[in-house]
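Asks: For reference, this is model.csv, and it has CSV, C-alpha atoms.
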chain,number,residue,atom,x,y,z
M,251,HIS,CA,0.7,-2.3,14.1
M,252,MET,CA,-2.0,-0.7,12.0
M,253,ASN,CA,0.3,0.8,9.4
M,254,THR,CA,1.6,-2.7,8.5
M,255,LEU,CA,-2.0,-4.0,8.4
M,256,GLU,CA,-2.9,-1.2,5.9
M,257,GLN,CA,0.2,-2.1,3.8
M,258,VAL,CA,-0.8,-5.8,3.7
M,259,SER,CA,-4.0,-4.9,1.8
M,260,LEU,CA,-1.8,-3.5,-1.1
M,261,PHE,CA,1.1,-6.1,-0.8
M,262,LEU,CA,-0.9,-9.3,-0.9
M,263,PRO,CA,-2.7,-8.6,-4.2
M,264,ALA,CA,0.5,-7.4,-5.8
M,265,LEU,CA,2.3,-10.5,-4.6
M,266,TRP,CA,-0.5,-12.8,-5.8
M,267,LEU,CA,-0.7,-11.1,-9.3
M,268,ALA,CA,3.1,-11.1,-9.6
M,269,ALA,CA,3.3,-14.8,-8.8
M,270,ILE,CA,0.6,-15.6,-11.4
M,271,TYR,CA,1.6,-13.3,-14.2
M,272,GLY,CA,5.3,-12.9,-13.6
M,273,SER,CA,7.8,-15.1,-15.3
M,274,ASN,CA,10.1,-15.8,-12.4
M,275,GLU,CA,8.4,-17.1,-9.3
M,276,GLN,CA,11.7,-17.3,-7.3
M,277,LEU,CA,12.3,-13.6,-7.8
M,278,VAL,CA,8.7,-12.9,-6.7
M,279,GLY,CA,9.4,-14.9,-3.6
M,280,TRP,CA,12.6,-13.0,-2.8
M,281,VAL,CA,10.9,-9.7,-3.3
M,282,GLY,CA,8.0,-10.7,-1.1
M,283,SER,CA,10.5,-11.7,1.6
M,284,ALA,CA,12.2,-8.3,1.2
M,285,TRP,CA,8.9,-6.7,1.9
M,286,VAL,CA,8.5,-8.7,5.1
M,287,VAL,CA,12.0,-7.7,6.2
M,288,GLY,CA,11.3,-4.1,5.4
M,289,ARG,CA,8.1,-4.1,7.4
M,290,THR,CA,9.9,-5.8,10.3
M,291,TRP,CA,12.6,-3.2,10.1
M,292,TYR,CA,10.0,-0.5,10.1
M,293,VAL,CA,8.3,-1.7,13.2
M,294,ILE,CA,11.6,-2.2,15.1
M,295,GLY,CA,12.7,1.3,14.1
M,296,TYR,CA,9.3,2.8,15.1
M,297,VAL,CA,9.5,1.2,18.5
M,298,ARG,CA,13.1,2.4,19.1
M,299,GLU,CA,12.6,5.9,17.7
M,300,ALA,CA,10.1,7.1,15.1
M,301,LYS,CA,12.8,8.7,13.0
M,302,GLN,CA,14.5,5.3,12.5
M,303,ARG,CA,11.6,3.8,10.6
M,304,SER,CA,12.4,5.4,7.2
M,305,MET,CA,14.8,2.7,5.9
M,306,GLY,CA,12.2,0.0,6.7
M,307,PHE,CA,9.5,1.9,4.9
M,308,LEU,CA,11.8,2.4,1.9
M,309,ILE,CA,12.6,-1.3,1.7
M,310,GLY,CA,8.9,-2.2,1.9
M,311,PHE,CA,7.9,0.4,-0.6
M,312,VAL,CA,10.5,-0.6,-3.2
M,313,ALA,CA,9.6,-4.3,-2.8
M,314,TYR,CA,5.9,-3.5,-3.3
M,315,ALA,CA,6.7,-1.3,-6.3
M,316,VAL,CA,8.8,-4.1,-7.9
M,317,LEU,CA,6.0,-6.6,-7.3
M,318,LEU,CA,3.6,-4.2,-9.0
M,319,VAL,CA,5.9,-3.8,-12.0
M,320,ILE,CA,6.3,-7.6,-12.3
M,321,ALA,CA,2.6,-8.0,-12.2
M,322,LEU,CA,1.8,-5.3,-14.7
M,323,LYS,CA,4.5,-6.6,-17.1
M,324,GLY,CA,2.5,-9.8,-17.2
M,325,ILE,CA,-1.0,-8.5,-17.1
M,326,VAL,CA,-0.8,-5.7,-19.7
M,327,PRO,CA,0.3,-8.0,-22.5
M,328,ALA,CA,-2.4,-10.5,-21.6
M,329,LEU,CA,-5.0,-7.8,-21.7
M,330,VAL,CA,-3.8,-6.4,-25.0
M,331,HIS,CA,-4.1,-9.8,-26.8
Would you kindly transcribe this structure into structure tokens?
Replies:
Amino acid sequence: HMNTLEQVSLFLPALWLAAIYGSNEQLVGWVGSAWVVGRTWYVIGYVREAKQRSMGFLIGFVAYAVLLVIALKGIVPALVH
């Protein structure tokens, strides 16, 4: 599915940076797993009926946003010092 492939190009760097600069690797792992669940839900919903994909998209987007926040909370202080 091309949409998931496009999302991977944003997700993987955020996951990588959150794992390196974040303070809780276990949380990063759980949030990364939530992204995978969300994208799977998105694809299943899209196959059944396109209107059913919104919850999967929301889960994936929130997981990505959380990873981005975790990464930025670690990167910004490192750059300031």
Asks: So how many Å separate CA of Trp266 in chain M and CA of Leu322 in chain M, to one decimal?
Replies: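 CA of Leu322 in chain M lies at a distance of 11.9 Å from CA of Trp266 in chain M.
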Asks: Could you tell me which of M:Leu329, M:Val278, M:Ala300, M:Gly295 comes closest to Val316 in chain M if we count all atoms listed in the file?
Replies: M:Val278
Asks: Would you list the contacts of Pro327 in chain M as a PyMOL selection string, taking every protein, DNA or RNA residue within 12 Å and counting only C-alpha atoms, but skipping same-chain residues closer than 6 positions in sequence?
Replies: chain M and resi 271-272+320-321
Asks: Please provide the set of residues having any atom within 12 Å of Val293 in chain M, restricted to all atoms listed in the file, with same-chain residues fewer than 6 positions apart removed, written as a ChimeraX atom specification.
Replies: /M:251-255,286-287,299-307,310
Asks: Hey, can you spit out that residue selection with C-alpha atoms as a compact mmCIF listing (two decimals), in the coordinates of the input?
Replies:
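Written output follows (again.txt):
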# COMPACT_ATOMS: atom_id res chain seq x y z
CA HIS M 251 0.70 -2.30 14.10
CA MET M 252 -2.00 -0.70 12.00
CA ASN M 253 0.30 0.80 9.40
CA THR M 254 1.60 -2.70 8.50
CA LEU M 255 -2.00 -4.00 8.40
CA VAL M 286 8.50 -8.70 5.10
CA VAL M 287 12.00 -7.70 6.20
CA GLU M 299 12.60 5.90 17.70
CA ALA M 300 10.10 7.10 15.10
CA LYS M 301 12.80 8.70 13.00
CA GLN M 302 14.50 5.30 12.50
CA ARG M 303 11.60 3.80 10.60
CA SER M 304 12.40 5.40 7.20
CA MET M 305 14.80 2.70 5.90
CA GLY M 306 12.20 0.00 6.70
CA PHE M 307 9.50 1.90 4.90
CA GLY M 310 8.90 -2.20 1.90
Asks: Report, in Å with one decimal, the straight-line distance from CA of Glu275 in chain M to CA of Tyr314 in chain M.
Replies: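 Interatomic distance, CA of Glu275 in chain M to CA of Tyr314 in chain M: 15.1 Å.
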Asks: Pick out the residues sitting within 12 Å of Gly324 in chain M, and hand them over as a ChimeraX atom specification; count only C-alpha atoms, and ignore anything fewer than 6 positions along from it in its own chain.
Replies: /M:264,267-274,317-318,330-331
Asks: What is the distance between CA of Gly279 in chain M and CA of Ala313 in chain M, in Å to one decimal?
Replies: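 Separation between CA of Gly279 in chain M and CA of Ala313 in chain M: 10.6 Å.
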Asks: Using all atoms listed in the file, which of the listed residues (M:Ala315, M:Leu308, M:Val258, M:Ile294) sits closest to Val281 in chain M?
Replies: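 Closest to Val281 in chain M of all the choices is M:Ala315.
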Asks: Of the candidates M:Val326, M:Val297, M:Ile309, M:Leu260, which shows the shortest atom-to-atom distance to Ser283 in chain M, using all atoms listed in the file?
Replies: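 Looking at the shortest contact to Ser283 in chain M, the residue is M:Ile309.
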Asks: Please rebuild range 269-285 of chain M with N, CA and C atoms and return the result as a PDB file, in the coordinates of the input.
Replies:
ATOM      1  N   ALA M 269       2.996 -13.369  -8.751  1.00  0.00           N
ATOM      2  CA  ALA M 269       3.300 -14.800  -8.800  1.00  0.00           C
ATOM      3  C   ALA M 269       2.541 -15.483  -9.933  1.00  0.00           C
ATOM      4  N   ILE M 270       1.348 -15.012 -10.261  1.00  0.00           N
ATOM      5  CA  ILE M 270       0.600 -15.600 -11.400  1.00  0.00           C
ATOM      6  C   ILE M 270       1.075 -15.164 -12.716  1.00  0.00           C
ATOM      7  N   TYR M 271       1.264 -13.864 -12.880  1.00  0.00           N
ATOM      8  CA  TYR M 271       1.600 -13.300 -14.200  1.00  0.00           C
ATOM      9  C   TYR M 271       3.071 -13.068 -14.430  1.00  0.00           C
ATOM     10  N   GLY M 272       3.868 -13.124 -13.398  1.00  0.00           N
ATOM     11  CA  GLY M 272       5.300 -12.900 -13.600  1.00  0.00           C
ATOM     12  C   GLY M 272       5.968 -14.157 -14.144  1.00  0.00           C
ATOM     13  N   SER M 273       7.138 -13.971 -14.693  1.00  0.00           N
ATOM     14  CA  SER M 273       7.800 -15.100 -15.300  1.00  0.00           C
ATOM     15  C   SER M 273       8.831 -15.777 -14.411  1.00  0.00           C
ATOM     16  N   ASN M 274       9.105 -15.208 -13.249  1.00  0.00           N
ATOM     17  CA  ASN M 274      10.100 -15.800 -12.400  1.00  0.00           C
ATOM     18  C   ASN M 274       9.554 -15.830 -10.931  1.00  0.00           C
ATOM     19  N   GLU M 275       9.014 -16.978 -10.572  1.00  0.00           N
ATOM     20  CA  GLU M 275       8.400 -17.100  -9.300  1.00  0.00           C
ATOM     21  C   GLU M 275       9.408 -16.984  -8.122  1.00  0.00           C
ATOM     22  N   GLN M 276      10.638 -17.415  -8.373  1.00  0.00           N
ATOM     23  CA  GLN M 276      11.700 -17.300  -7.300  1.00  0.00           C
ATOM     24  C   GLN M 276      11.970 -15.839  -7.025  1.00  0.00           C
ATOM     25  N   LEU M 277      12.043 -15.014  -8.050  1.00  0.00           N
ATOM     26  CA  LEU M 277      12.300 -13.600  -7.800  1.00  0.00           C
ATOM     27  C   LEU M 277      11.104 -12.977  -7.052  1.00  0.00           C
ATOM     28  N   VAL M 278       9.894 -13.368  -7.404  1.00  0.00           N
ATOM     29  CA  VAL M 278       8.700 -12.900  -6.700  1.00  0.00           C
ATOM     30  C   VAL M 278       8.802 -13.258  -5.206  1.00  0.00           C
ATOM     31  N   GLY M 279       9.224 -14.476  -4.935  1.00  0.00           N
ATOM     32  CA  GLY M 279       9.400 -14.900  -3.600  1.00  0.00           C
ATOM     33  C   GLY M 279      10.411 -14.109  -2.794  1.00  0.00           C
ATOM     34  N   TRP M 280      11.548 -13.836  -3.443  1.00  0.00           N
ATOM     35  CA  TRP M 280      12.600 -13.000  -2.800  1.00  0.00           C
ATOM     36  C   TRP M 280      12.133 -11.609  -2.536  1.00  0.00           C
ATOM     37  N   VAL M 281      11.429 -11.035  -3.505  1.00  0.00           N
ATOM     38  CA  VAL M 281      10.900  -9.700  -3.300  1.00  0.00           C
ATOM     39  C   VAL M 281       9.876  -9.619  -2.232  1.00  0.00           C
ATOM     40  N   GLY M 282       9.025 -10.635  -2.189  1.00  0.00           N
ATOM     41  CA  GLY M 282       8.000 -10.700  -1.100  1.00  0.00           C
ATOM     42  C   GLY M 282       8.712 -10.835   0.255  1.00  0.00           C
ATOM     43  N   SER M 283       9.778 -11.602   0.323  1.00  0.00           N
ATOM     44  CA  SER M 283      10.500 -11.700   1.600  1.00  0.00           C
ATOM     45  C   SER M 283      11.182 -10.397   1.961  1.00  0.00           C
ATOM     46  N   ALA M 284      11.646  -9.656   0.959  1.00  0.00           N
ATOM     47  CA  ALA M 284      12.200  -8.300   1.200  1.00  0.00           C
ATOM     48  C   ALA M 284      11.188  -7.404   1.824  1.00  0.00           C
ATOM     49  N   TRP M 285       9.941  -7.516   1.358  1.00  0.00           N
ATOM     50  CA  TRP M 285       8.900  -6.700   1.900  1.00  0.00           C
ATOM     51  C   TRP M 285       8.673  -7.007   3.398  1.00  0.00           C
TER      52      TRP M 285
END
